[in-house]
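File shown: input_7.cif. Contents: mmCIF, C-alpha atoms.
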```
data_input
#
loop_
_atom_site.label_atom_id
_atom_site.label_comp_id
_atom_site.auth_asym_id
_atom_site.auth_seq_id
_atom_site.Cartn_x
_atom_site.Cartn_y
_atom_site.Cartn_z
CA MET A 21 -14.68 21.37 -30.96
CA MET A 22 -17.14 18.46 -30.78
CA PHE A 23 -14.77 16.39 -32.92
CA PHE A 24 -12.31 16.64 -30.04
CA LEU A 25 -14.67 16.52 -27.05
CA VAL A 26 -16.88 13.57 -28.07
CA PRO A 27 -14.06 11.06 -28.64
CA PHE A 28 -12.25 12.38 -25.57
CA PHE A 29 -15.10 11.86 -23.12
CA ILE A 30 -16.30 8.59 -24.67
CA ALA A 31 -12.77 7.15 -24.74
CA ALA A 32 -12.18 8.28 -21.15
CA ALA A 33 -15.48 6.76 -19.97
CA VAL A 34 -14.96 3.44 -21.77
CA THR A 35 -11.38 3.21 -20.56
CA LEU A 36 -12.49 3.85 -16.97
CA PHE A 37 -15.09 1.10 -17.32
CA VAL A 38 -12.40 -1.29 -18.59
CA ILE A 39 -10.23 -0.46 -15.57
CA HIS A 40 -13.00 -0.96 -13.02
CA SER A 41 -14.22 -4.19 -14.64
CA SER A 42 -10.75 -5.72 -14.82
CA HIS A 43 -11.65 -8.22 -12.09
CA ALA A 44 -13.95 -9.87 -14.63
CA HIS A 45 -11.62 -9.92 -17.63
CA GLY A 46 -8.18 -9.52 -16.06
CA HIS A 47 -7.36 -13.21 -16.58
CA LEU A 48 -7.43 -12.43 -20.30
CA SER A 49 -6.63 -8.73 -20.60
CA ALA A 50 -4.04 -8.12 -17.88
CA ASP A 51 -0.32 -7.95 -18.54
CA GLY A 52 0.89 -10.16 -15.73
CA ASP A 53 4.41 -10.74 -17.05
CA LEU A 54 6.59 -8.56 -14.83
CA SER A 55 9.93 -10.09 -15.76
CA GLY A 56 10.46 -9.29 -19.46
CA PRO A 57 13.25 -6.98 -20.67
CA GLN A 58 10.73 -4.24 -21.46
CA LYS A 59 8.48 -4.70 -18.42
CA PHE A 60 8.56 -1.84 -15.92
CA HIS A 61 5.29 -2.19 -14.01
CA SER A 62 4.94 -3.72 -10.55
CA HIS A 63 1.55 -5.47 -10.79
CA PRO A 64 -0.79 -6.87 -13.48
CA VAL A 65 -2.48 -4.11 -15.50
CA PRO A 66 -5.17 -4.33 -18.24
CA ARG A 67 -3.60 -3.87 -21.65
CA ILE A 68 -6.65 -3.27 -23.81
CA GLY A 69 -6.61 0.53 -23.78
CA GLY A 70 -7.16 0.57 -27.52
CA VAL A 71 -10.81 -0.37 -26.98
CA GLY A 72 -11.68 3.01 -25.49
CA MET A 73 -9.98 4.92 -28.29
CA PHE A 74 -11.67 2.90 -31.02
CA VAL A 75 -15.09 3.33 -29.40
CA GLY A 76 -14.42 7.05 -28.90
CA LEU A 77 -13.71 7.52 -32.60
CA LEU A 78 -16.73 5.39 -33.51
CA ALA A 79 -18.91 7.66 -31.36
CA CYS A 80 -17.47 10.66 -33.22
CA VAL A 81 -18.39 9.06 -36.55
CA LEU A 82 -21.96 8.45 -35.34
CA MET A 83 -22.21 12.04 -34.12
CA ALA A 84 -21.03 13.37 -37.47
CA TRP A 85 -23.41 11.06 -39.29
CA GLU A 86 -26.34 12.16 -37.14
CA GLN A 87 -25.52 15.80 -37.89
CA GLY A 88 -25.38 15.07 -41.61
CA SER A 89 -21.72 16.06 -41.84
CA THR A 90 -19.91 14.98 -45.00
CA THR A 91 -16.82 14.30 -42.87
CA ALA A 92 -18.48 11.22 -41.36
CA ARG A 93 -17.57 9.11 -44.39
CA LEU A 94 -13.82 9.62 -43.96
CA GLY A 95 -13.94 8.78 -40.25
CA PHE A 96 -16.02 5.67 -40.88
CA LEU A 97 -13.69 4.41 -43.61
CA LEU A 98 -10.62 5.07 -41.45
CA LEU A 99 -12.12 2.82 -38.77
CA VAL A 100 -13.09 0.14 -41.30
CA CYS A 101 -9.62 0.12 -42.84
CA GLY A 102 -7.99 0.09 -39.40
CA LEU A 103 -10.00 -2.91 -38.20
CA PRO A 104 -7.47 -5.62 -39.26
CA ALA A 105 -4.63 -3.86 -37.41
CA PHE A 106 -6.78 -3.22 -34.34
CA ALA A 107 -8.30 -6.71 -34.27
CA ALA A 108 -4.98 -8.54 -34.63
CA GLY A 109 -3.43 -6.50 -31.83
CA LEU A 110 -6.46 -6.88 -29.58
CA ILE A 111 -6.54 -10.65 -30.06
CA GLU A 112 -2.85 -10.75 -29.09
CA ASP A 113 -3.64 -8.66 -25.98
CA LEU A 114 -6.29 -11.18 -24.95
CA THR A 115 -4.73 -14.48 -26.03
CA LYS A 116 -0.96 -13.75 -26.23
CA LYS A 117 -0.94 -16.03 -29.28
CA VAL A 118 -0.66 -13.70 -32.27
CA SER A 119 2.92 -13.48 -33.49
CA PRO A 120 4.55 -10.12 -34.40
CA GLY A 121 4.63 -11.25 -38.02
CA LYS A 122 0.89 -11.83 -38.13
CA ARG A 123 0.22 -8.48 -36.47
CA LEU A 124 2.42 -6.79 -39.04
CA LEU A 125 0.59 -8.55 -41.88
CA ALA A 126 -2.74 -7.39 -40.46
CA THR A 127 -1.46 -3.81 -40.37
CA MET A 128 -0.28 -4.16 -43.95
CA ALA A 129 -3.78 -5.35 -44.86
CA SER A 130 -5.18 -2.21 -43.23
CA ALA A 131 -2.79 -0.09 -45.28
CA ALA A 132 -3.80 -1.88 -48.49
CA LEU A 133 -7.48 -1.30 -47.72
CA ALA A 134 -6.85 2.41 -47.21
CA PHE A 135 -4.84 2.49 -50.44
CA TYR A 136 -7.85 1.35 -52.46
CA ILE A 137 -10.78 2.65 -50.38
CA LEU A 138 -9.45 6.03 -49.22
CA ASP A 139 -6.99 6.62 -52.05
CA GLY A 140 -4.33 7.02 -49.38
CA LYS A 141 -1.32 6.57 -51.66
CA ILE A 142 2.32 7.60 -51.65
CA THR A 143 2.87 8.70 -55.25
CA ARG A 144 5.72 11.17 -54.72
CA THR A 145 8.77 11.38 -52.47
CA ASP A 146 10.90 14.16 -53.99
CA ILE A 147 13.73 11.60 -53.99
CA ILE A 148 15.40 10.88 -57.35
CA GLY A 149 14.80 7.30 -58.43
CA LEU A 150 12.23 6.57 -55.76
CA ASP A 151 9.74 8.89 -57.43
CA TRP A 152 9.90 6.70 -60.53
CA ILE A 153 9.07 3.63 -58.44
CA VAL A 154 6.10 5.17 -56.61
CA GLY A 155 4.93 6.56 -59.92
CA THR A 156 3.75 3.05 -60.79
CA SER A 157 0.67 1.48 -59.19
CA LEU A 158 2.60 -1.46 -57.77
CA GLY A 159 5.39 0.77 -56.48
CA ALA A 160 2.93 3.16 -54.84
CA LEU A 161 1.15 0.24 -53.17
CA ALA A 162 4.40 -1.25 -51.88
CA ALA A 163 5.67 2.10 -50.56
CA THR A 164 2.35 2.91 -48.89
CA VAL A 165 1.97 -0.48 -47.21
CA PHE A 166 5.60 -0.40 -46.05
CA ALA A 167 5.28 3.13 -44.66
CA VAL A 168 2.01 2.54 -42.79
CA ALA A 169 3.12 -0.79 -41.34
CA GLY A 170 6.46 0.73 -40.38
CA VAL A 171 4.92 3.68 -38.53
CA ALA A 172 2.39 1.46 -36.74
CA ASN A 173 5.13 -0.92 -35.66
CA SER A 174 7.34 1.95 -34.51
CA VAL A 175 4.55 3.35 -32.34
CA ASN A 176 4.25 -0.10 -30.76
CA ILE A 177 8.01 -0.18 -30.12
CA ILE A 178 8.09 3.13 -28.21
CA ASP A 179 5.06 2.06 -26.16
CA GLY A 180 7.21 1.19 -23.16
CA PHE A 181 6.34 3.69 -20.43
CA ASN A 182 3.25 5.43 -19.10
CA GLY A 183 2.20 8.16 -21.51
CA LEU A 184 5.22 7.87 -23.80
CA SER A 185 3.73 6.75 -27.11
CA THR A 186 0.31 8.34 -26.61
CA MET A 187 1.61 11.84 -25.90
CA CYS A 188 4.01 11.56 -28.84
CA VAL A 189 1.13 10.50 -31.11
CA THR A 190 -0.97 13.36 -29.72
CA LEU A 191 1.73 15.89 -30.62
CA MET A 192 2.16 14.33 -34.07
CA LEU A 193 -1.58 14.43 -34.81
CA LEU A 194 -1.69 18.05 -33.70
CA SER A 195 1.12 18.77 -36.16
CA PHE A 196 -0.88 17.15 -38.96
CA ALA A 197 -3.98 19.09 -37.89
CA TYR A 198 -2.06 22.38 -38.03
CA VAL A 199 -0.75 21.83 -41.55
CA ALA A 200 -4.11 20.46 -42.75
CA TYR A 201 -5.67 23.68 -41.46
CA GLN A 202 -3.00 25.75 -43.19
CA VAL A 203 -3.82 24.18 -46.57
CA GLY A 204 -7.57 24.49 -46.01
CA ASP A 205 -8.38 20.80 -45.50
CA THR A 206 -11.09 21.00 -42.82
CA GLU A 207 -11.94 17.32 -43.07
CA LEU A 208 -8.44 16.08 -42.25
CA THR A 209 -8.09 18.74 -39.56
CA LEU A 210 -11.24 17.51 -37.80
CA TRP A 211 -10.27 13.84 -37.89
CA ALA A 212 -6.75 14.57 -36.71
CA LEU A 213 -8.31 16.43 -33.76
CA ALA A 214 -10.72 13.54 -33.22
CA GLY A 215 -7.71 11.24 -32.98
CA VAL A 216 -6.14 13.61 -30.44
CA GLY A 217 -9.33 13.50 -28.35
CA ALA A 218 -9.52 9.70 -28.39
CA VAL A 219 -5.85 9.30 -27.47
CA LEU A 220 -6.07 11.83 -24.62
CA GLY A 221 -9.17 10.04 -23.31
CA PHE A 222 -6.92 7.03 -22.76
CA PHE A 223 -3.93 9.13 -21.65
CA VAL A 224 -5.64 10.54 -18.55
CA TRP A 225 -5.87 7.02 -17.07
CA ASN A 226 -2.48 5.85 -18.30
CA PHE A 227 -0.34 8.76 -17.14
CA PRO A 228 1.07 9.03 -14.57
CA ALA A 229 -0.53 6.20 -12.58
CA GLY A 230 -0.44 3.51 -15.28
CA LEU A 231 -3.94 2.18 -14.50
CA ILE A 232 -4.23 0.73 -18.01
CA PHE A 233 -1.88 0.01 -20.90
CA LEU A 234 -2.29 0.74 -24.60
CA GLY A 235 -1.64 -2.84 -25.66
CA ASP A 236 -0.85 -4.04 -29.16
CA GLY A 237 -4.39 -3.35 -30.36
CA GLY A 238 -4.19 0.28 -29.31
CA ALA A 239 -0.61 0.81 -30.49
CA TYR A 240 -1.12 -0.67 -33.95
CA PHE A 241 -4.43 1.11 -34.41
CA ILE A 242 -3.27 4.61 -33.45
CA GLY A 243 -0.08 4.01 -35.44
CA PHE A 244 -2.21 3.17 -38.48
CA PHE A 245 -4.49 6.17 -37.86
CA LEU A 246 -1.49 8.50 -37.54
CA ALA A 247 0.17 7.20 -40.70
CA GLU A 248 -3.03 7.44 -42.75
CA ILE A 249 -3.69 11.05 -41.74
CA GLY A 250 -0.16 11.91 -42.84
CA ILE A 251 -0.43 10.04 -46.15
CA LEU A 252 -3.82 11.55 -46.96
CA LEU A 253 -2.38 14.99 -46.27
CA ILE A 254 0.38 14.67 -48.87
CA ALA A 255 -1.88 12.78 -51.29
CA ARG A 256 -4.42 15.62 -51.28
CA HIS A 257 -2.08 18.61 -51.22
CA SER A 258 0.90 18.91 -53.53
CA GLN A 259 2.24 21.95 -51.66
CA VAL A 260 2.98 19.78 -48.61
CA SER A 261 6.39 18.12 -48.84
CA PRO A 262 6.09 14.31 -49.12
CA LEU A 263 8.75 14.10 -46.40
CA PHE A 264 6.69 16.14 -43.92
CA PRO A 265 4.87 13.07 -42.44
CA LEU A 266 8.20 11.27 -42.10
CA MET A 267 9.73 14.23 -40.26
CA VAL A 268 6.73 14.31 -37.93
CA CYS A 269 7.10 10.59 -37.18
CA VAL A 270 10.89 10.49 -37.29
CA TYR A 271 11.40 9.77 -33.57
CA PRO A 272 9.60 6.39 -33.46
CA VAL A 273 10.72 5.51 -37.00
CA PHE A 274 14.39 6.25 -36.25
CA GLU A 275 14.10 4.39 -32.95
CA THR A 276 12.92 1.32 -34.88
CA LEU A 277 15.60 1.52 -37.57
CA PHE A 278 18.35 2.14 -35.02
CA SER A 279 17.14 -0.81 -32.93
CA ILE A 280 17.26 -3.10 -35.97
CA TYR A 281 20.80 -1.92 -36.77
CA ARG A 282 21.91 -2.25 -33.14
CA ARG A 283 20.54 -5.77 -32.75
CA ARG A 284 21.63 -7.07 -36.13
CA PHE A 285 25.09 -5.55 -36.56
CA ILE A 286 26.29 -4.68 -33.05
CA ARG A 287 24.78 -7.36 -30.85
CA ALA A 288 24.42 -10.01 -33.59
CA THR A 289 20.93 -10.97 -32.44
CA PRO A 290 17.66 -11.31 -34.40
CA PRO A 291 16.24 -7.84 -35.19
CA GLY A 292 12.83 -8.84 -33.80
CA LEU A 293 14.17 -10.07 -30.45
CA PRO A 294 13.00 -7.75 -27.61
CA ASP A 295 15.67 -6.19 -25.44
CA GLY A 296 15.90 -3.62 -22.71
CA ILE A 297 18.25 -1.07 -24.26
CA HIS A 298 15.99 1.16 -26.31
CA LEU A 299 16.70 4.83 -25.61
CA HIS A 300 13.65 5.09 -23.35
CA SER A 301 14.76 1.96 -21.49
CA LEU A 302 18.23 3.40 -20.97
CA ILE A 303 16.83 6.66 -19.61
CA TYR A 304 14.76 4.65 -17.15
CA ARG A 305 17.63 2.40 -16.07
CA ARG A 306 20.45 4.95 -16.06
CA LEU A 307 18.63 8.05 -14.79
CA MET A 308 15.37 7.17 -13.09
CA ARG A 309 16.78 4.35 -11.01
CA TRP A 310 18.68 6.92 -8.95
CA ALA A 311 16.11 9.66 -9.14
CA VAL A 312 13.66 7.53 -7.17
CA GLY A 313 15.67 4.85 -5.48
CA ALA A 314 13.12 2.76 -3.57
CA ARG A 315 11.88 -0.57 -4.93
CA ASP A 316 8.26 -0.40 -3.76
CA ALA A 317 5.36 -0.20 -6.24
CA ARG A 318 4.82 3.54 -5.75
CA ALA A 319 8.46 4.35 -6.50
CA MET A 320 8.51 2.09 -9.56
CA THR A 321 5.42 3.82 -10.94
CA GLN A 322 6.99 7.21 -10.26
CA ARG A 323 10.18 6.24 -12.10
CA ASN A 324 8.07 4.98 -14.97
CA SER A 325 6.11 8.23 -15.31
CA MET A 326 9.24 10.39 -14.96
CA THR A 327 10.80 8.73 -18.02
CA ALA A 328 8.26 9.79 -20.67
CA PRO A 329 8.83 13.59 -20.52
CA TYR A 330 12.44 13.11 -21.65
CA LEU A 331 11.21 11.41 -24.82
CA TRP A 332 8.38 13.91 -25.33
CA THR A 333 11.09 16.56 -25.48
CA LEU A 334 13.05 14.51 -28.01
CA CYS A 335 9.89 14.13 -30.08
CA MET A 336 9.41 17.91 -30.03
CA THR A 337 12.85 18.40 -31.56
CA SER A 338 11.48 16.84 -34.75
CA LEU A 339 8.04 18.45 -34.66
CA VAL A 340 9.20 22.06 -34.39
CA PRO A 341 11.29 21.99 -37.60
CA ALA A 342 8.59 19.90 -39.31
CA LEU A 343 6.06 22.67 -38.67
CA LEU A 344 8.51 25.36 -39.74
CA PHE A 345 9.47 23.69 -43.02
CA TRP A 346 6.45 21.58 -43.93
CA ASP A 347 6.61 22.73 -47.56
CA SER A 348 10.39 22.38 -48.05
CA THR A 349 11.82 18.94 -48.79
CA THR A 350 15.40 20.19 -48.69
CA MET A 351 15.08 21.65 -45.21
CA LEU A 352 13.26 18.56 -43.96
CA VAL A 353 16.09 16.31 -45.18
CA ILE A 354 18.62 18.47 -43.34
CA CYS A 355 16.50 18.40 -40.18
CA MET A 356 16.14 14.60 -40.33
CA VAL A 357 19.90 14.18 -40.59
CA LEU A 358 20.38 16.51 -37.61
CA PHE A 359 17.79 14.58 -35.62
CA GLY A 360 19.59 11.30 -36.36
CA LEU A 361 22.89 12.77 -35.17
CA ILE A 362 21.28 14.09 -31.98
CA TYR A 363 19.62 10.75 -31.26
CA VAL A 364 22.76 8.65 -31.83
CA GLY A 365 24.94 11.07 -29.86
CA LEU A 366 22.53 11.07 -26.94
CA TYR A 367 22.18 7.29 -27.02
CA TRP A 368 25.89 6.60 -26.93
CA ARG A 369 26.52 9.11 -24.14
CA ILE A 370 23.90 7.45 -21.95
CA VAL A 371 24.94 3.88 -22.78
CA ARG A 372 28.55 4.76 -21.91
CA PHE A 373 27.58 6.34 -18.57
CA ARG A 374 28.38 9.85 -19.80
CA THR A 375 24.89 11.29 -19.34
CA PRO A 376 24.70 15.09 -19.86
CA LYS A 377 24.27 16.98 -16.59
CA TRP A 378 21.04 18.66 -17.69
CA MET A 379 19.36 15.26 -17.94
CA VAL A 380 19.98 14.31 -14.31
CA PHE A 381 18.87 17.45 -12.52
CA SER A 382 15.87 15.62 -11.01
CA ALA A 383 18.15 13.04 -9.47
CA GLN A 384 20.26 15.78 -7.92
CA LEU A 385 17.19 17.48 -6.51
CA ARG A 386 16.06 14.22 -4.98
CA GLY A 387 19.32 13.99 -3.07
CA GLY A 388 20.40 10.92 -1.18
CA PRO A 389 23.67 8.99 -1.26
CA GLY A 390 25.03 8.63 -4.77
CA THR A 391 22.06 10.06 -6.57
CA ALA A 392 23.99 12.59 -8.60
CA ASP A 393 27.10 10.50 -9.22
CA SER A 394 25.43 7.18 -10.02
CA GLY A 395 24.55 8.36 -13.53
CA LYS A 396 28.15 9.52 -13.99
CA PRO A 397 27.37 12.76 -15.83
CA ASP A 398 30.39 14.59 -17.17
#
```
Can you turn what I pasted into structure tokens?
Amino acid sequence: MMFFLVPFFIAAAVTLFVIHSSHAHGHLSADGDLSGPQKFHSHPVPRIGGVGMFVGLLACVLMAWEQGSTTARLGFLLLVCGLPAFAAGLIEDLTKKVSPGKRLLATMASAALAFYILDGKITRTDIIGLDWIVGTSLGALAATVFAVAGVANSVNIIDGFNGLSTMCVTLMLLSFAYVAYQVGDTELTLWALAGVGAVLGFFVWNFPAGLIFLGDGGAYFIGFFLAEIGILLIARHSQVSPLFPLMVCVYPVFETLFSIYRRRFIRATPPGLPDGIHLHSLIYRRLMRWAVGARDARAMTQRNSMTAPYLWTLCMTSLVPALLFWDSTTMLVICMVLFGLIYVGLYWRIVRFRTPKWMVFSAQLRGGPGTADSGKPD
């Protein structure tokens, strides 16, 4: 229990300190751009929430070390390997001068460090042809770096609303903790729970009020941490399907891949160009705008916080089958295909103003002229 409580309380305390000291560092740390396509806050907010989580996990490592626990080594090395990803994102949060490419390279460096230091390698996929590639040292390195960087970047992409990415990561880490416990890996179970504690320590200040944002440092770091726990799980235990971590992370990963496809082939724009039509953005614009119609700061914050639960539910649709079939590659492939169909079907219904009725019940309960019909549910 201490592996959960220590990072939770330390992360919460450090995050609260960051919030209350923002007058001193806000000129560097605050997100004051309120006009971007993915900006939904009404006033400048500190975006260095990753600091509290990193310090919370560091405190957990020191506690474990002080108690003479053999698990301290894994936690310490996870933080060391994650430093490039965390540092690059944090520098961007403070200076706004680190390009997405450089942040991605830093995350890839973190993945490479974990590959060699932690032996966190993807050496099997249960996919014909691909298994031959990852069976070589170079192929395993390339697949591991690509997977870790991809998950970290996808977590950053879904970090658009209060509590969205952090609650999804919390649920994903809990899924890893459950399966790690099932296969008798106490060490991975404890560090997955430590990650949950650190993330929730930030979450309590981010949701629903949005007093602080995760920032690139926090998003890339928890994305790296999440990916490494998943890779270590399949690297250590052959009975766990190599597709289990992908099924757990399929929501942010599919969101990223679908966004690249949508930008490149439908809108004919650069894949890395930000836009405001991610699924979470559409839910905000097409549903929440009418659920809470005022334009004042309180209403904007309320709309923001009301968006995340829709995506938490979507995330759960991948986690439930992942936990049911964590040892069956065939079933996981079927479930991933079904998830993709559900996601695409839901996206196109919302983008075409044909939102399902069950998604707009809050707007109907709010009442007011046009609240139920503005979303045009069929």
I need the output of the PyMOL selection byres ((chain A and resi 194) around 10) for this file as a list in words; which residues are they?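 For this structure, the PyMOL selection byres ((chain A and resi 194) around 10) captures Cys188, Val189, Thr190, Leu191, Met192, Leu193, Ser195, Phe196, Ala197, Tyr198, Val199, Ala200, Thr209, Ala212, Leu213, Gly215, Val216 and Leu339 of chain A.
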Using C-alpha atoms, can you write the selected residues to a file as a JSON list (two decimals), in the frame of the given file?
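Output file result.json is given in full below:
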```json
[["chain", "number", "residue", "atom", "x", "y", "z"],
["A", 188, "CYS", "CA", 4.01, 11.56, -28.84],
["A", 189, "VAL", "CA", 1.13, 10.50, -31.11],
["A", 190, "THR", "CA", -0.97, 13.36, -29.72],
["A", 191, "LEU", "CA", 1.73, 15.89, -30.62],
["A", 192, "MET", "CA", 2.16, 14.33, -34.07],
["A", 193, "LEU", "CA", -1.58, 14.43, -34.81],
["A", 195, "SER", "CA", 1.12, 18.77, -36.16],
["A", 196, "PHE", "CA", -0.88, 17.15, -38.96],
["A", 197, "ALA", "CA", -3.98, 19.09, -37.89],
["A", 198, "TYR", "CA", -2.06, 22.38, -38.03],
["A", 199, "VAL", "CA", -0.75, 21.83, -41.55],
["A", 200, "ALA", "CA", -4.11, 20.46, -42.75],
["A", 209, "THR", "CA", -8.09, 18.74, -39.56],
["A", 212, "ALA", "CA", -6.75, 14.57, -36.71],
["A", 213, "LEU", "CA", -8.31, 16.43, -33.76],
["A", 215, "GLY", "CA", -7.71, 11.24, -32.98],
["A", 216, "VAL", "CA", -6.14, 13.61, -30.44],
["A", 339, "LEU", "CA", 8.04, 18.45, -34.66]]
```
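In this comparison, which uses all atoms listed in the file, the residue of A:Arg305, A:Arg284, A:His47, A:Lys141 approaching Leu253 of chain A most closely is A:Lys141.
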I'd like the contact shell of Phe106 of chain A - 8 Å cut-off, all atoms listed in the file, skipping same-chain residues fewer than 4 positions apart - returned as a ChimeraX atom specification. /A:70,102,110,236-238,240-241
Atom pair atom CA of Ile254 of chain A / atom CA of Arg144 of chain A: separation (Å):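 Taking atom CA of Ile254 of chain A as the start and atom CA of Arg144 of chain A as the end point, the length is 8.7 Å.
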Care to translate the PyMOL selection byres ((chain A and resi 134) around 9) into actual residues of this file, as a CSV table (one decimal) with C-alpha atoms, in the frame of the given file?
```csv
chain,number,residue,atom,x,y,z
A,97,LEU,CA,-13.7,4.4,-43.6
A,98,LEU,CA,-10.6,5.1,-41.4
A,100,VAL,CA,-13.1,0.1,-41.3
A,101,CYS,CA,-9.6,0.1,-42.8
A,102,GLY,CA,-8.0,0.1,-39.4
A,129,ALA,CA,-3.8,-5.4,-44.9
A,130,SER,CA,-5.2,-2.2,-43.2
A,131,ALA,CA,-2.8,-0.1,-45.3
A,132,ALA,CA,-3.8,-1.9,-48.5
A,133,LEU,CA,-7.5,-1.3,-47.7
A,135,PHE,CA,-4.8,2.5,-50.4
A,136,TYR,CA,-7.8,1.4,-52.5
A,137,ILE,CA,-10.8,2.6,-50.4
A,138,LEU,CA,-9.4,6.0,-49.2
A,139,ASP,CA,-7.0,6.6,-52.0
A,140,GLY,CA,-4.3,7.0,-49.4
A,141,LYS,CA,-1.3,6.6,-51.7
A,248,GLU,CA,-3.0,7.4,-42.8
```
Which of A:Gly72, A:Leu299, A:His40, A:Leu208 sits closest to Arg369 of chain A [using all atoms listed in the file]: A:Leu299
Between atom CA of Trp368 of chain A and atom CA of Leu307 of chain A - distance in Å to one decimal: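 Atom CA of Trp368 of chain A lies at a distance of 14.2 Å from atom CA of Leu307 of chain A.
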Residues returned when the PyMOL selection byres ((chain A and resi 220) around 8) runs on this file, as a list in words: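 The output of the PyMOL selection byres ((chain A and resi 220) around 8) on this file is Phe28, Ala32, Thr186, Met187, Thr190, Val216, Gly217, Ala218, Val219, Gly221, Phe222, Phe223 and Val224 of chain A.
With only C-alpha atoms as the atoms that count, the residue of A:Trp85, A:Tyr281, A:Phe166, A:Phe227 with the shortest distance to Asn182 of chain A is A:Phe227.
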Find the residues near Val154 of chain A: any atom within 9 Å, counting only C-alpha atoms, skip ones fewer than 6 places away on the same chain, and give them as a PDB file with C-alpha atoms, in the frame of the given file.
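Contents of the output file around.pdb:
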```pdb
ATOM      1  CA  ILE A 142       2.320   7.600 -51.650  1.00  0.00           C
ATOM      2  CA  THR A 143       2.870   8.700 -55.250  1.00  0.00           C
ATOM      3  CA  ARG A 144       5.720  11.170 -54.720  1.00  0.00           C
ATOM      4  CA  THR A 145       8.770  11.380 -52.470  1.00  0.00           C
ATOM      5  CA  ALA A 160       2.930   3.160 -54.840  1.00  0.00           C
ATOM      6  CA  LEU A 161       1.150   0.240 -53.170  1.00  0.00           C
ATOM      7  CA  ALA A 162       4.400  -1.250 -51.880  1.00  0.00           C
ATOM      8  CA  ALA A 163       5.670   2.100 -50.560  1.00  0.00           C
ATOM      9  CA  THR A 164       2.350   2.910 -48.890  1.00  0.00           C
TER      10      THR A 164
END
```
Do a neighbour search on Gly243 of chain A at 7 Å with all atoms listed in the file, toss out local chain neighbours closer than 3 positions, and write the hits as a list in words.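 Here the qualifying residues turn out to be Val171, Ala172, Val175, Ala239, Tyr240, Leu246 and Ala247 of chain A.
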One number please: atom CA of Pro66 of chain A to atom CA of His43 of chain A, in Å, one decimal.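 Atom CA of Pro66 of chain A sits 9.7 Å away from atom CA of His43 of chain A.
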Taking 2 positions as the minimum chain separation for residues in the same chain, which residues sit within 10 Å of Gly170 of chain A when counting only C-alpha atoms? Answer as JSON, numbers by chain. {"A": [124, 127, 128, 164, 165, 166, 167, 168, 172, 173, 174, 175, 176, 243, 244, 247, 272, 273, 276, 277]}
Selection file, C-alpha atoms, as a PDB file, in the frame of the given file:
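Once everything was written out, this is part10.pdb:
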```pdb
ATOM      1  CA  LEU A 124       2.420  -6.790 -39.040  1.00  0.00           C
ATOM      2  CA  THR A 127      -1.460  -3.810 -40.370  1.00  0.00           C
ATOM      3  CA  MET A 128      -0.280  -4.160 -43.950  1.00  0.00           C
ATOM      4  CA  THR A 164       2.350   2.910 -48.890  1.00  0.00           C
ATOM      5  CA  VAL A 165       1.970  -0.480 -47.210  1.00  0.00           C
ATOM      6  CA  PHE A 166       5.600  -0.400 -46.050  1.00  0.00           C
ATOM      7  CA  ALA A 167       5.280   3.130 -44.660  1.00  0.00           C
ATOM      8  CA  VAL A 168       2.010   2.540 -42.790  1.00  0.00           C
ATOM      9  CA  ALA A 172       2.390   1.460 -36.740  1.00  0.00           C
ATOM     10  CA  ASN A 173       5.130  -0.920 -35.660  1.00  0.00           C
ATOM     11  CA  SER A 174       7.340   1.950 -34.510  1.00  0.00           C
ATOM     12  CA  VAL A 175       4.550   3.350 -32.340  1.00  0.00           C
ATOM     13  CA  ASN A 176       4.250  -0.100 -30.760  1.00  0.00           C
ATOM     14  CA  GLY A 243      -0.080   4.010 -35.440  1.00  0.00           C
ATOM     15  CA  PHE A 244      -2.210   3.170 -38.480  1.00  0.00           C
ATOM     16  CA  ALA A 247       0.170   7.200 -40.700  1.00  0.00           C
ATOM     17  CA  PRO A 272       9.600   6.390 -33.460  1.00  0.00           C
ATOM     18  CA  VAL A 273      10.720   5.510 -37.000  1.00  0.00           C
ATOM     19  CA  THR A 276      12.920   1.320 -34.880  1.00  0.00           C
ATOM     20  CA  LEU A 277      15.600   1.520 -37.570  1.00  0.00           C
TER      21      LEU A 277
END
```
Here is a test: counting only C-alpha atoms, which residue of A:Ala255, A:Val340, A:Cys80, A:Ala107 is nearest to Met22 of chain A?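 Among the listed residues, the smallest separation from Met22 of chain A belongs to A:Cys80.
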For Leu302 of chain A, which residue among A:Ala229, A:Leu150, A:Leu366, A:Val38 is the nearest when counting all atoms listed in the file? A:Leu366
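Minimum distance to Ser42 of chain A across A:Ile354, A:Leu231, A:Leu82, A:Ile303 (counting all atoms listed in the file) occurs at A:Leu231.
For Phe233 of chain A, the non-local neighbours within 8 Å, defined as residues at least 5 positions apart in the same chain or in other chains and counting only C-alpha atoms, are Val65, Pro66, Arg67, Ile68, Gly69, Asn182 and Asn226 of chain A.
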